[in-house]
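Notes to accompany the following structure.
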Amino acid sequence: MLSPLDLSLINGPIPKAATVAAALALTYLAIRKNRTWWVRVLPIVVLACALAVTGLTLVINHLWKPWPEPMPIILMVWLGAALVAVSLGVARLRPSRWYGRVLTVVAAVAVISGALTATNAYYGLYPTSRAALEVFNNPSVDLPDSVPVAEELVVPPGKKLAEVWSPADLPEKGTLSETEIPGALKGRPAWVYLPPAYAVKPRPRLPVLVLLAGQPGSPRDWYDAGRISDNMDEFARAHNGLAPIVVMPDSLGSLTANPLCLDSKLGQSETYLTRDVPKWIKERLTVDERREAWTVAGLSQGGTCSLQLAVRAPDVYGNFIDLSGQREPTLGTRAETVKAAFGGDEAAFRRVNPLDILAKQRFPQLAGVIVAGKDDGVYRPAGAEVFEACRKAGMDVLWKELPGGHDWNVWRPGLYGSLPWLAQRTGLVR
């Protein structure tokens, strides 16, 4: 029997029930048998909350601009509903009896819960309650030690790893470790997934997937919302313990930072991701060092970054997976980006902009997957333009369109649905 913790928080009865409960609770908070309430309190609260949300939206979208995308209207509506609920709740507390106060608090909590559930469903962050509760869990274990060359599995020329792979005492699951990767950006946090095959001796040299979060975001996003351990373990179970090693470095530095994956006034992000991170991986982990076995992938800003790194460092990354990436590295507009990163030097930006590079160079040695949500009105057209540019530049590229918008409902299946392609491309399986 399915546990209640495994019921969907994205679709089905829970989000619908949360929405209905929030609507009923807000109605309860709004109704009172008091003329002053209807004439003064309720209109003032609704107007004040509407002005507050509108002002906040304008500040976020036009002044602060912590990320290129505007705030979704539906989420601002839910924020307004939560503010109204809290404000009305405070106004109702003093004149109410004890049971009325209890009902008021419960109603306000119901509206806030409805807003949080709607936000989660919109972005597809946590598919189940179990996934949401794991935010408070630290799954990290110590990285295993390196093994000498004599304890590595040798794959004969012309063979795939899966053809010579016959493990004994295979663990049921892989491991996840939190560590630091030094380099041009100092010691940045990173997460590392090692599949079950990594625990077996002789140890195979496995392909590498460098996986980037979006902005705002952090490496752990791929554990919490991306369900990296669950999905990679599922792939490994179907392939006798084999799966890529996944390294999730911090490409941003903070939730609101956006160094654009470039070497610029904003930092040495490109150097970190194309030199320092690969160097650390090769020194610390048992990996297949062929460029064909290395893939860079990411979502949204991280998807843009994956294409950038592939065309800027094709000797490092032979493959990329662009999940709802942007048309080009951006901080909002081309002018704002060029000014912030390159001091207004348009030519310097064009030298590192993927679409400009693809228009002049060919990359027949690169392969990639570009994923977009069918309902993503901004990044689906951008992805289609990027796909066409990659195709014209000689890349072996696939286009995938999935149900959903600019959210984890696209990014999770977009990545894990690409694993069979990735396993063949990197030589992991036949």
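Residues in the structure tokens are numbered from 1 in each chain, the chains being A, B, ... in the order shown, and ligands are numbered from 1 in the order shown.
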Mind checking DSSP for range 77-219 of chain A and telling me the strand (DSSP E) residues as a list in words? Thr175, Leu176, Ser177, Glu178, Thr179, Glu180, Ile181, Arg188, Pro189, Ala190, Trp191, Val192, Tyr193, Leu194, Val208, Leu209, Val210, Leu211 and Leu212 of chain A
Closest-contact table, range 360-400 of chain A side, partner range 278-302 of chain A, 9 Å, counting only C-alpha atoms, as JSON lines:
{"residue": "A:Gln365", "atom": "CA", "partner": "A:Glu292", "partner_atom": "CA", "distance": 8.7}
{"residue": "A:Leu366", "atom": "CA", "partner": "A:Glu292", "partner_atom": "CA", "distance": 8.5}
{"residue": "A:Gly368", "atom": "CA", "partner": "A:Thr295", "partner_atom": "CA", "distance": 8.8}
{"residue": "A:Tyr379", "atom": "CA", "partner": "A:Ser300", "partner_atom": "CA", "distance": 8.3}
Let me see the file: selected residues, N, CA and C atoms, as an mmCIF file, in the first residue's frame.
data_model
loop_
_atom_site.group_PDB
_atom_site.id
_atom_site.type_symbol
_atom_site.label_atom_id
_atom_site.label_comp_id
_atom_site.auth_asym_id
_atom_site.auth_seq_id
_atom_site.Cartn_x
_atom_site.Cartn_y
_atom_site.Cartn_z
ATOM 1 N N GLN A 365 32.456 17.171 -33.267
ATOM 2 C CA GLN A 365 32.877 16.262 -32.197
ATOM 3 C C GLN A 365 31.970 16.344 -30.967
ATOM 4 N N LEU A 366 31.040 17.297 -30.936
ATOM 5 C CA LEU A 366 30.170 17.482 -29.784
ATOM 6 C C LEU A 366 28.794 16.863 -30.021
ATOM 7 N N GLY A 368 24.745 16.664 -28.003
ATOM 8 C CA GLY A 368 23.970 17.248 -26.920
ATOM 9 C C GLY A 368 22.490 16.956 -27.029
ATOM 10 N N TYR A 379 11.507 30.116 -22.704
ATOM 11 C CA TYR A 379 12.702 29.315 -22.949
ATOM 12 C C TYR A 379 12.515 28.229 -23.995
#
Could you list, with a cut-off of 7 Å and counting only C-alpha atoms, the residues of range 134-172 of chain A near range 421-430 of chain A, each shown with its nearest atom pair and the distance in Å rounded to one decimal, rows sorted by chain and ascending number, as CSV?
residue,atom,partner,partner_atom,distance
A:Lys160,CA,A:Gly427,CA,5.8
A:Leu161,CA,A:Leu428,CA,5.6
A:Ala162,CA,A:Val429,CA,5.2
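Restricting the calculation to only C-alpha atoms, the smallest distance between Tyr272 in chain A and any of A:Gly183, A:Pro13, A:Pro195, A:Pro43 is found for A:Gly183.
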Neighbours of range 220-235 of chain A within 6 Å (only C-alpha atoms; same-chain residues fewer than 6 positions away dropped), as a ChimeraX atom specification? /A:125-126,173,412
Near-Pro15 in chain A list (9 Å; only C-alpha atoms; drop same-chain fewer than 3 positions) as a PyMOL selection string: chain A and resi 8-12+18-20+114+117-118+121
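Compared by their closest atoms to Ser113 in chain A, and using only C-alpha atoms, the residues A:Leu7, A:Met76, A:Arg391, A:Leu26 rank with A:Leu26 nearest.
Ranking A:Phe136, A:Trp408, A:Trp191, A:Trp78 by their shortest atom-to-atom distance to Asp250 in chain A, with only C-alpha atoms included, puts A:Trp191 first.
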Would you list the contacts of range 393-395 of chain A as a PyMOL selection string, taking every protein, DNA or RNA residue within 9 Å and counting only C-alpha atoms, but skipping same-chain residues closer than 3 positions in sequence? chain A and resi 358-368+388-390
Test item: residues at most 12 Å from Phe349 in chain A, only C-alpha atoms, excluding those fewer than 6 positions along its chain, as a PyMOL selection string: chain A and resi 260+262-265+328-330+334-343+355-357
Measuring between only C-alpha atoms, which one of A:Leu176, A:Asp276, A:Val200, A:Arg94 shows the shortest distance to Ile245 in chain A? A:Leu176
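Closest approach to Pro204 in chain A among A:Leu398, A:Leu143, A:Ala243, A:Leu323 is made by A:Ala243 (distances from only C-alpha atoms).
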In Å, how far is it from CA of Val247 in chain A to CA of Tyr416 in chain A? 15.2 Å
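With distances restricted to only C-alpha atoms, A:Val410 is the closest residue to Gly124 in chain A from A:Val410, A:Leu415, A:Ile321, A:Ala197.
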